[in-house]
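Undergrad: Provided herewith: model_12.tsv, TSV, C-alpha atoms.
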chain	number	residue	atom	x	y	z
H	782	MET	CA	75.95	-25.31	24.15
H	783	TYR	CA	74.81	-21.71	24.59
H	784	ASP	CA	71.27	-20.49	25.09
H	785	ILE	CA	71.78	-17.43	22.89
H	786	ALA	CA	74.46	-16.62	20.32
H	787	ILE	CA	74.73	-13.07	19.03
H	788	VAL	CA	76.55	-12.45	15.75
H	789	GLY	CA	78.22	-9.03	15.75
H	790	GLY	CA	80.15	-7.16	18.41
H	791	GLY	CA	78.99	-3.63	17.65
H	792	ILE	CA	76.87	-1.56	19.99
H	793	VAL	CA	73.56	-3.21	19.00
H	794	GLY	CA	74.92	-6.72	19.54
H	795	LEU	CA	76.49	-5.76	22.87
H	796	ALA	CA	73.36	-3.96	24.04
H	797	THR	CA	71.26	-7.02	23.14
H	798	ALA	CA	73.54	-9.32	25.13
H	799	TYR	CA	73.43	-6.87	28.04
H	800	ALA	CA	69.62	-6.75	27.93
H	801	ILE	CA	69.38	-10.55	27.94
H	802	LEU	CA	71.72	-10.93	30.92
H	803	GLN	CA	69.97	-8.11	32.79
H	804	ALA	CA	66.62	-9.85	32.36
H	805	SER	CA	67.83	-13.47	32.61
H	806	PRO	CA	71.18	-13.72	34.42
H	807	ASP	CA	71.19	-17.53	34.18
H	808	ARG	CA	71.22	-17.53	30.36
H	809	LYS	CA	74.39	-18.68	28.63
H	810	VAL	CA	75.15	-15.96	26.11
H	811	VAL	CA	77.99	-15.75	23.58
H	812	ILE	CA	78.90	-12.89	21.21
H	813	LEU	CA	80.67	-13.85	17.97
H	814	GLU	CA	82.71	-11.04	16.40
H	815	LYS	CA	84.80	-11.58	13.28
H	816	GLU	CA	87.24	-8.77	14.07
H	817	PRO	CA	90.06	-8.84	16.67
H	818	LYS	CA	88.36	-6.02	18.60
H	819	LEU	CA	84.81	-4.96	19.36
H	820	ALA	CA	83.05	-2.00	17.72
H	821	LEU	CA	85.51	-1.64	14.84
H	822	HIS	CA	83.00	-0.74	12.14
H	823	GLN	CA	79.84	1.39	12.25
H	824	THR	CA	80.01	1.87	16.01
H	825	GLY	CA	83.70	2.69	16.02
H	826	HIS	CA	83.33	5.21	13.20
H	827	ASN	CA	80.24	6.85	14.65
H	828	SER	CA	80.23	10.63	15.10
H	829	GLY	CA	79.07	10.18	18.70
H	830	VAL	CA	75.78	12.08	18.51
H	831	ILE	CA	72.99	11.21	20.94
H	832	HIS	CA	70.00	11.93	18.70
H	833	SER	CA	66.77	13.46	19.95
H	834	GLY	CA	64.38	11.97	17.37
H	835	ILE	CA	63.23	15.18	15.72
H	836	TYR	CA	63.63	13.89	12.16
H	837	TYR	CA	61.63	10.70	12.45
H	838	LYS	CA	58.03	10.08	11.46
H	839	PRO	CA	55.76	10.16	14.52
H	840	GLY	CA	54.72	6.65	15.47
H	841	SER	CA	57.71	4.98	13.81
H	842	PHE	CA	60.09	2.70	15.69
H	843	LYS	CA	62.85	5.22	15.02
H	844	ALA	CA	60.94	8.05	16.70
H	845	ALA	CA	60.04	5.99	19.76
H	846	PHE	CA	63.49	4.44	20.06
H	847	ALA	CA	65.25	7.81	19.73
H	848	LYS	CA	63.40	9.55	22.54
H	849	GLN	CA	63.49	6.60	24.94
H	850	GLY	CA	66.97	5.63	23.83
H	851	SER	CA	68.54	9.04	24.32
H	852	GLU	CA	67.20	9.15	27.87
H	853	SER	CA	68.48	5.61	28.56
H	854	MET	CA	71.87	6.34	27.03
H	855	LEU	CA	72.35	9.53	29.05
H	856	ALA	CA	71.35	7.74	32.26
H	857	PHE	CA	73.64	4.77	31.51
H	858	CYS	CA	76.62	7.01	30.77
H	859	ARG	CA	76.16	9.05	33.92
H	860	GLU	CA	75.75	5.94	36.07
H	861	ALA	CA	78.84	4.33	34.47
H	862	ASP	CA	80.90	7.54	34.68
H	863	ILE	CA	81.27	7.75	30.89
H	864	GLU	CA	81.95	11.28	29.66
H	865	VAL	CA	78.78	12.65	28.06
H	866	GLU	CA	77.42	16.11	27.28
H	867	GLN	CA	74.03	17.47	26.28
H	868	CYS	CA	75.40	20.24	24.09
H	869	GLY	CA	72.19	20.72	22.09
H	870	LYS	CA	71.60	21.11	18.37
H	871	VAL	CA	70.41	23.84	16.03
H	872	ILE	CA	68.80	23.01	12.68
H	873	VAL	CA	69.27	26.05	10.48
H	874	ALA	CA	67.31	27.31	7.48
H	875	THR	CA	69.62	29.33	5.26
H	876	LYS	CA	67.18	29.94	2.37
H	877	ASP	CA	63.59	31.16	2.11
H	878	GLU	CA	62.51	27.91	0.49
H	879	GLU	CA	63.67	25.98	3.56
H	880	LEU	CA	61.40	27.82	6.01
H	881	GLN	CA	58.33	25.71	5.25
H	882	GLN	CA	60.32	22.51	5.72
H	883	LEU	CA	61.72	23.90	8.98
H	884	GLU	CA	58.16	24.50	10.20
H	885	GLN	CA	57.18	20.94	9.29
H	886	LEU	CA	60.22	19.62	11.13
H	887	PHE	CA	59.29	21.69	14.18
H	888	ARG	CA	55.78	20.19	14.21
H	889	ARG	CA	57.23	16.71	13.84
H	890	GLY	CA	59.52	17.31	16.82
H	891	LEU	CA	56.58	18.43	18.95
H	892	ALA	CA	54.59	15.38	17.85
H	893	ASN	CA	57.50	13.22	18.99
H	894	GLY	CA	57.30	14.74	22.46
H	895	LEU	CA	60.42	16.91	22.31
H	896	ALA	CA	60.84	20.16	24.24
H	897	ILE	CA	62.19	22.23	21.35
H	898	GLU	CA	61.97	25.87	20.36
H	899	LYS	CA	61.87	27.79	17.10
H	900	ILE	CA	64.24	30.75	17.07
H	901	ASP	CA	64.73	33.70	14.74
H	902	ALA	CA	67.96	34.92	13.14
H	903	CYS	CA	68.70	37.30	16.01
H	904	ARG	CA	68.46	34.56	18.65
H	905	LEU	CA	70.50	32.20	16.46
H	906	GLN	CA	73.28	34.79	16.32
H	907	GLN	CA	73.29	34.99	20.10
H	908	ILE	CA	73.87	31.27	20.61
H	909	GLU	CA	75.82	30.55	17.38
H	910	PRO	CA	77.57	33.82	16.43
H	911	TYR	CA	79.13	32.47	13.23
H	912	ALA	CA	76.10	30.61	11.88
H	913	ASN	CA	74.23	31.90	8.85
H	914	GLY	CA	70.47	31.45	9.06
H	915	LEU	CA	67.04	32.99	8.61
H	916	ALA	CA	65.56	30.86	11.40
H	917	ALA	CA	66.34	27.69	13.30
H	918	ILE	CA	65.07	25.01	15.63
H	919	ARG	CA	66.95	24.59	18.89
H	920	VAL	CA	67.00	21.01	20.19
H	921	PRO	CA	68.45	21.03	23.72
H	922	GLN	CA	68.13	17.24	24.15
H	923	ALA	CA	70.85	16.38	21.61
H	924	GLY	CA	74.14	15.26	23.08
H	925	ILE	CA	77.54	13.73	22.38
H	926	VAL	CA	79.43	10.71	23.69
H	927	ASN	CA	82.16	8.27	22.63
H	928	TYR	CA	80.29	5.09	21.72
H	929	LYS	CA	83.48	3.03	21.88
H	930	GLN	CA	83.62	3.84	25.60
H	931	VAL	CA	79.99	2.75	25.93
H	932	CYS	CA	80.86	-0.55	24.23
H	933	HIS	CA	83.85	-1.06	26.52
H	934	VAL	CA	81.61	-0.74	29.60
H	935	LEU	CA	78.92	-2.97	28.08
H	936	ALA	CA	81.52	-5.66	27.32
H	937	GLU	CA	82.86	-5.52	30.87
H	938	ARG	CA	79.37	-5.89	32.33
H	939	ILE	CA	78.46	-8.72	29.95
H	940	GLN	CA	81.57	-10.66	30.96
H	941	SER	CA	81.00	-9.94	34.64
H	942	LYS	CA	77.57	-11.59	34.29
H	943	GLY	CA	79.07	-14.70	32.68
H	944	GLY	CA	78.67	-13.73	29.03
H	945	ILE	CA	81.34	-14.94	26.59
H	946	ILE	CA	82.87	-12.76	23.86
H	947	LYS	CA	84.67	-14.60	21.06
H	948	LEU	CA	86.82	-12.32	18.87
H	949	GLY	CA	88.19	-13.33	15.47
H	950	CYS	CA	85.20	-15.65	15.09
H	951	GLU	CA	83.65	-15.25	11.64
H	952	VAL	CA	80.35	-16.94	10.92
H	953	VAL	CA	80.11	-18.70	7.55
H	954	LYS	CA	76.91	-20.76	7.87
H	955	ILE	CA	74.01	-21.25	10.28
H	956	GLU	CA	71.97	-24.46	10.33
H	957	GLU	CA	68.57	-24.21	11.97
H	958	LYS	CA	67.58	-27.55	13.47
H	959	LEU	CA	64.58	-28.62	15.54
H	960	HIS	CA	65.96	-27.78	18.99
H	961	GLN	CA	69.08	-25.78	18.26
H	962	ALA	CA	71.11	-23.87	15.69
H	963	VAL	CA	74.58	-24.90	14.60
H	964	ILE	CA	76.81	-21.94	13.78
H	965	HIS	CA	79.69	-22.84	11.50
H	966	THR	CA	82.66	-20.51	11.89
H	967	LYS	CA	86.12	-20.52	10.35
H	968	GLU	CA	87.14	-22.51	13.42
H	969	ASP	CA	84.94	-24.92	15.41
H	970	PRO	CA	81.14	-25.03	15.09
H	971	ILE	CA	79.11	-23.50	17.93
H	972	GLN	CA	75.72	-24.73	19.14
H	973	ALA	CA	73.06	-22.41	20.48
H	974	GLY	CA	69.39	-22.59	21.24
H	975	TYR	CA	68.80	-19.32	19.40
H	976	VAL	CA	70.84	-16.96	17.20
H	977	ILE	CA	70.44	-13.19	16.94
H	978	ASN	CA	72.09	-11.56	13.94
H	979	CYS	CA	73.40	-8.05	14.70
H	980	ALA	CA	76.11	-8.08	12.04
H	981	GLY	CA	75.50	-4.57	10.68
H	982	LEU	CA	77.33	-4.19	7.38
H	983	HIS	CA	77.13	-7.96	6.86
H	984	SER	CA	73.67	-8.61	8.33
H	985	ASP	CA	72.15	-9.56	4.97
H	986	ARG	CA	74.95	-12.06	4.33
H	987	VAL	CA	74.52	-13.64	7.75
H	988	ALA	CA	70.78	-13.97	7.04
H	989	LYS	CA	71.63	-15.63	3.74
H	990	ALA	CA	74.09	-17.92	5.54
H	991	ALA	CA	71.14	-19.03	7.68
H	992	GLY	CA	69.22	-19.97	4.54
H	993	LEU	CA	66.84	-17.00	4.52
H	994	LEU	CA	65.89	-15.44	1.21
H	995	THR	CA	65.10	-11.74	1.52
H	996	ASP	CA	64.61	-8.89	-0.93
H	997	THR	CA	66.91	-6.67	1.15
H	998	LYS	CA	70.59	-6.02	0.49
H	999	ILE	CA	73.08	-3.88	2.40
H	1000	ILE	CA	74.62	-1.18	0.20
H	1001	PRO	CA	77.63	0.55	1.81
H	1002	PHE	CA	77.82	4.34	1.68
H	1003	ARG	CA	81.02	6.00	2.85
H	1004	GLY	CA	80.57	9.13	4.94
H	1005	GLU	CA	83.58	11.41	4.40
H	1006	TYR	CA	84.53	14.01	6.99
H	1007	TYR	CA	86.87	16.88	7.64
H	1008	GLU	CA	87.81	18.08	11.10
H	1009	LEU	CA	88.15	21.70	12.14
H	1010	LYS	CA	91.68	22.64	13.10
H	1011	PRO	CA	92.00	23.85	16.71
H	1012	GLN	CA	92.05	27.53	15.71
H	1013	ALA	CA	88.65	27.16	14.02
H	1014	ARG	CA	86.76	25.18	16.66
H	1015	HIS	CA	85.32	28.34	18.21
H	1016	TYR	CA	83.02	28.64	15.20
H	1017	VAL	CA	80.80	25.88	16.62
H	1018	LYS	CA	79.04	25.94	20.02
H	1019	HIS	CA	76.25	23.38	19.43
H	1020	LEU	CA	75.73	20.70	16.80
H	1021	ILE	CA	74.83	22.66	13.66
H	1022	TYR	CA	72.69	20.93	11.02
H	1023	PRO	CA	71.01	22.13	7.81
H	1024	VAL	CA	67.34	21.63	7.07
H	1025	PRO	CA	67.29	18.17	5.44
H	1026	ASP	CA	66.35	17.90	1.77
H	1027	PRO	CA	63.07	15.92	1.73
H	1028	ALA	CA	64.00	14.56	-1.71
H	1029	PHE	CA	67.29	13.02	-0.50
H	1030	PRO	CA	67.70	10.34	2.20
H	1031	PHE	CA	70.84	11.82	3.81
H	1032	LEU	CA	70.99	14.79	6.21
H	1033	GLY	CA	73.58	16.83	4.34
H	1034	VAL	CA	76.91	18.15	5.63
H	1035	HIS	CA	76.83	19.52	9.16
H	1036	PHE	CA	79.06	20.38	12.11
H	1037	THR	CA	79.40	17.91	14.98
H	1038	ARG	CA	81.13	18.65	18.24
H	1039	MET	CA	83.05	15.64	19.57
H	1040	ILE	CA	83.29	14.58	23.19
H	1041	GLY	CA	87.10	14.85	23.02
H	1042	GLY	CA	86.94	18.54	22.07
H	1043	GLY	CA	87.20	18.33	18.29
H	1044	VAL	CA	84.62	19.35	15.68
H	1045	GLU	CA	83.81	17.23	12.64
H	1046	ALA	CA	82.42	18.66	9.39
H	1047	GLY	CA	80.49	16.38	7.08
H	1048	PRO	CA	79.61	13.77	6.06
H	1049	ASN	CA	79.71	13.54	2.34
H	1050	ALA	CA	77.91	10.35	1.24
H	1051	VAL	CA	79.28	8.27	-1.64
H	1052	LEU	CA	78.94	4.64	-2.66
H	1053	GLY	CA	81.51	2.38	-1.02
H	1054	PHE	CA	83.28	-0.12	-3.29
H	1055	LYS	CA	83.73	-2.45	-0.34
H	1056	ARG	CA	81.52	-3.25	2.65
H	1057	GLU	CA	84.21	-1.71	4.84
H	1058	ALA	CA	85.35	1.07	2.48
H	1059	TYR	CA	86.84	3.61	4.86
H	1060	ARG	CA	89.22	4.95	2.22
H	1061	LYS	CA	88.63	5.89	-1.41
H	1062	ARG	CA	91.10	3.22	-2.50
H	1063	ASP	CA	89.30	0.44	-0.59
H	1064	VAL	CA	87.86	-1.84	-3.28
H	1065	ALA	CA	86.64	-5.43	-3.14
H	1066	VAL	CA	85.64	-6.84	-6.52
H	1067	ALA	CA	83.16	-9.27	-4.96
H	1068	ASP	CA	81.44	-6.46	-3.04
H	1069	VAL	CA	81.23	-4.23	-6.11
H	1070	ALA	CA	79.77	-7.08	-8.17
H	1071	ASP	CA	77.28	-7.81	-5.39
H	1072	THR	CA	76.07	-4.20	-5.50
H	1073	LEU	CA	75.95	-3.92	-9.29
H	1074	ARG	CA	74.01	-7.18	-9.70
H	1075	PHE	CA	71.28	-5.93	-7.39
H	1076	PRO	CA	68.42	-4.30	-9.35
H	1077	GLY	CA	67.49	-2.06	-6.43
H	1078	PHE	CA	70.83	-0.27	-6.69
H	1079	TRP	CA	70.18	0.82	-10.28
H	1080	LYS	CA	66.69	2.04	-9.41
H	1081	LEU	CA	68.13	4.04	-6.51
H	1082	ALA	CA	70.90	5.47	-8.68
H	1083	GLY	CA	68.43	6.50	-11.36
H	1084	LYS	CA	66.31	8.33	-8.81
H	1085	TYR	CA	69.12	10.22	-7.06
H	1086	TYR	CA	71.76	10.62	-9.77
H	1087	ARG	CA	71.80	14.44	-9.53
H	1088	GLN	CA	72.33	14.42	-5.77
H	1089	GLY	CA	74.83	11.59	-6.15
H	1090	ALA	CA	76.86	13.61	-8.64
H	1091	ALA	CA	77.00	16.51	-6.17
H	1092	GLU	CA	78.24	14.15	-3.44
H	1093	TYR	CA	81.05	12.90	-5.70
H	1094	LEU	CA	82.05	16.48	-6.55
H	1095	ARG	CA	82.44	17.17	-2.83
H	1096	SER	CA	84.35	13.92	-2.46
H	1097	PHE	CA	87.01	14.78	-5.00
H	1098	PHE	CA	87.09	18.58	-4.75
H	1099	LYS	CA	87.66	20.07	-1.31
H	1100	SER	CA	86.53	23.47	-2.58
H	1101	GLN	CA	83.04	22.06	-3.22
H	1102	PHE	CA	82.95	20.56	0.27
H	1103	VAL	CA	83.97	23.93	1.75
H	1104	LYS	CA	81.29	25.69	-0.29
H	1105	SER	CA	78.61	23.45	1.25
H	1106	LEU	CA	79.93	24.12	4.75
H	1107	GLN	CA	79.95	27.86	4.13
H	1108	GLU	CA	76.18	27.81	3.68
H	1109	LEU	CA	76.01	27.18	7.43
H	1110	ILE	CA	79.16	29.02	8.58
H	1111	PRO	CA	80.40	31.53	5.97
H	1112	ALA	CA	83.67	32.20	7.84
H	1113	ILE	CA	84.94	28.64	7.24
H	1114	ASP	CA	87.64	28.28	4.61
H	1115	ALA	CA	89.77	25.42	3.29
H	1116	ASP	CA	92.68	26.21	5.62
H	1117	ASP	CA	90.41	25.55	8.61
H	1118	LEU	CA	89.90	21.91	7.62
H	1119	GLU	CA	91.96	18.75	7.77
H	1120	ALA	CA	90.95	15.27	6.63
H	1121	ALA	CA	89.27	13.08	9.25
H	1122	PRO	CA	88.47	9.34	9.32
H	1123	ALA	CA	85.47	8.24	7.29
H	1124	GLY	CA	82.61	5.98	8.32
H	1125	VAL	CA	80.45	3.54	6.39
H	1126	ARG	CA	76.66	3.43	6.62
H	1127	ALA	CA	74.99	0.06	6.11
H	1128	GLN	CA	71.99	1.14	4.05
H	1129	ALA	CA	69.40	-1.59	3.56
H	1130	LEU	CA	67.89	-1.43	0.07
H	1131	GLN	CA	65.01	-3.39	-1.41
H	1132	ARG	CA	64.85	-4.85	-4.91
H	1133	ASP	CA	62.42	-2.15	-6.04
H	1134	GLY	CA	64.95	0.57	-5.13
H	1135	ARG	CA	63.29	1.70	-1.91
H	1136	MET	CA	65.62	2.43	0.97
H	1137	VAL	CA	64.52	0.67	4.16
H	1138	ASP	CA	63.85	3.66	6.39
H	1139	ASP	CA	62.95	1.97	9.67
H	1140	PHE	CA	64.26	-0.96	11.67
H	1141	GLN	CA	63.83	-4.31	9.92
H	1142	LEU	CA	63.80	-7.63	11.75
H	1143	ILE	CA	63.44	-10.93	9.89
H	1144	ARG	CA	62.64	-14.11	11.77
H	1145	GLY	CA	63.82	-17.65	11.03
H	1146	LYS	CA	63.00	-20.86	12.89
H	1147	ARG	CA	65.72	-20.40	15.53
H	1148	THR	CA	67.13	-17.09	14.38
H	1149	LEU	CA	66.28	-13.40	14.44
H	1150	HIS	CA	68.03	-11.11	11.96
H	1151	VAL	CA	68.42	-7.35	12.48
H	1152	CYS	CA	68.72	-6.55	8.78
H	1153	ASN	CA	68.43	-2.79	9.18
H	1154	ALA	CA	69.42	-0.78	12.23
H	1155	PRO	CA	69.68	2.80	10.96
H	1156	SER	CA	70.40	5.94	12.92
H	1157	PRO	CA	69.50	6.35	15.79
H	1158	ALA	CA	70.75	2.78	16.41
H	1159	ALA	CA	73.70	3.84	18.57
H	1160	THR	CA	71.63	6.38	20.51
H	1161	ALA	CA	68.83	3.89	21.11
H	1162	SER	CA	70.95	0.75	21.41
H	1163	LEU	CA	69.99	0.00	25.01
H	1164	GLU	CA	66.27	0.17	24.15
H	1165	ILE	CA	66.78	-1.69	20.87
H	1166	GLY	CA	68.55	-4.48	22.76
H	1167	LYS	CA	65.56	-4.86	25.08
H	1168	SER	CA	63.17	-4.89	22.11
H	1169	ILE	CA	65.20	-7.48	20.20
H	1170	TRP	CA	65.29	-9.79	23.21
H	1171	LYS	CA	61.53	-9.38	23.71
H	1172	GLN	CA	60.90	-10.37	20.10
H	1173	ALA	CA	63.35	-13.25	20.25
H	1174	GLN	CA	61.56	-14.97	23.13
Could you write out this file's structure as structure tokens?
TA:
Amino acid sequence: MYDIAIVGGGIVGLATAYAILQASPDRKVVILEKEPKLALHQTGHNSGVIHSGIYYKPGSFKAAFAKQGSESMLAFCREADIEVEQCGKVIVATKDEELQQLEQLFRRGLANGLAIEKIDACRLQQIEPYANGLAAIRVPQAGIVNYKQVCHVLAERIQSKGGIIKLGCEVVKIEEKLHQAVIHTKEDPIQAGYVINCAGLHSDRVAKAAGLLTDTKIIPFRGEYYELKPQARHYVKHLIYPVPDPAFPFLGVHFTRMIGGGVEAGPNAVLGFKREAYRKRDVAVADVADTLRFPGFWKLAGKYYRQGAAEYLRSFFKSQFVKSLQELIPAIDADDLEAAPAGVRAQALQRDGRMVDDFQLIRGKRTLHVCNAPSPAATASLEIGKSIWKQAQ
């Protein structure tokens, strides 16, 4: 019997196990991952950004986790000799109507304790010669890393402290009893004193498998990317982001430098027809039916149908994607881009159509379910792991 069982071998699950073993080395901890490898889904398809926390509402868990988490992640990577870089970010206003929103974002960043600066078009041209903008915010704290490498080190340290990692171990049911939980898998059942659900794209289903009824469902959104060909990478020095549309819950297409030297452009955000829909042709009838039966999806679609239509145009017409990118860097053209792997965002949605914006933890008798771990979950994973363990005790 284990003291703690963690469902999900992504970065949040690994960081939680690491936090437990750091605080209580004598605990018997097991991680249950349904895939043959760790970090195959959201973590493995992450763009690798270490977020600063500028976007998040002051006082929210996201804002606190981002600032503390970015500092912890940078320190961890440097101590573990993981390649990491604080390349910085610029958030660029390209239209007059975006200047007020840029000012509000600047004030939010200051309220979140960030050392940021507002720069004019002349200064922007000095640090990003190809960027088009009227003004910008420079965020020097933003960085880049390969989160798969972080997970590899976390797994090694967990195992060195006696933690067990079971791959190919899919959870189908959790029974909460008086003194323990019984986790039924597709192989043998596993007993644990407590279960922590960090299953990401399947977190709502694991909660349901534990007998919890919630009004939250995970809706998968595929983030589609292009990558700049080597001859076009010089267009991007920092991370280059647009001013986010306050009426839309996604950040919009942007340019992301990668720790391996590449530059990603995107993402486009479209509904996934499978929980793990990394390709347009990935369809699971059961997953589609699950989404369409949920009333919150239709309320969300009715609210954002115009923006959703624009996302689908970019998805199917490269010229529309390029046009969006040219708002930030006019010199970009279609020949500069090649298709890159997509990611899937596990967006928690409530029955009334509201997107769950902050972290959401739901408690059972002998279980704790992380039913929403949005960005900056990877950035702040080490701090999130500590927080989850504190709440689980």
Undergrad: So which one's closest to Val1103 (chain H), H:Lys958, H:Lys809, H:His1035, H:His1150? Using all atoms listed in the file, please.
TA: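 Distance minimum relative to Val1103 (chain H) lands on H:His1035.
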Undergrad: Which one is closest to Val810 (chain H): H:Ile792, H:Ala923, H:Val873, H:Val976? Count all atoms listed in the file.
TA: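 When distances to Val810 (chain H) are compared using all atoms listed in the file, the smallest one comes from H:Val976.
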Undergrad: Let me make sure I understand: among H:Thr1160, H:Ser1100, H:Gln882, H:Gln1012, which one has the smallest atom-to-atom distance to Asn927 (chain H) if we use all atoms listed in the file?
TA: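 Nearest to Asn927 (chain H): H:Thr1160.
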Undergrad: If you measure from CA of Arg1060 (chain H) to CA of Ser828 (chain H), what distance in Å do you get, rounded to one decimal?
TA: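 Going from CA of Arg1060 (chain H) over to CA of Ser828 (chain H) covers 16.7 Å.
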Undergrad: Excluding Leu1009 (chain H) and residues on its chain fewer than 5 positions from it, collect all residues at most 7 Å away from it, counting only C-alpha atoms, and give them as an MDAnalysis selection string.
TA: chainID H and resid 1014 1044:1045 1117:1119
Undergrad: Tell me which protein, DNA and RNA residues are within 9 Å of Arg1038 (chain H), counting only C-alpha atoms, leaving out same-chain ones fewer than 6 positions away, and put them as a ChimeraX atom specification.
TA: /H:828-830,868,925,1014,1017-1021,1044-1046
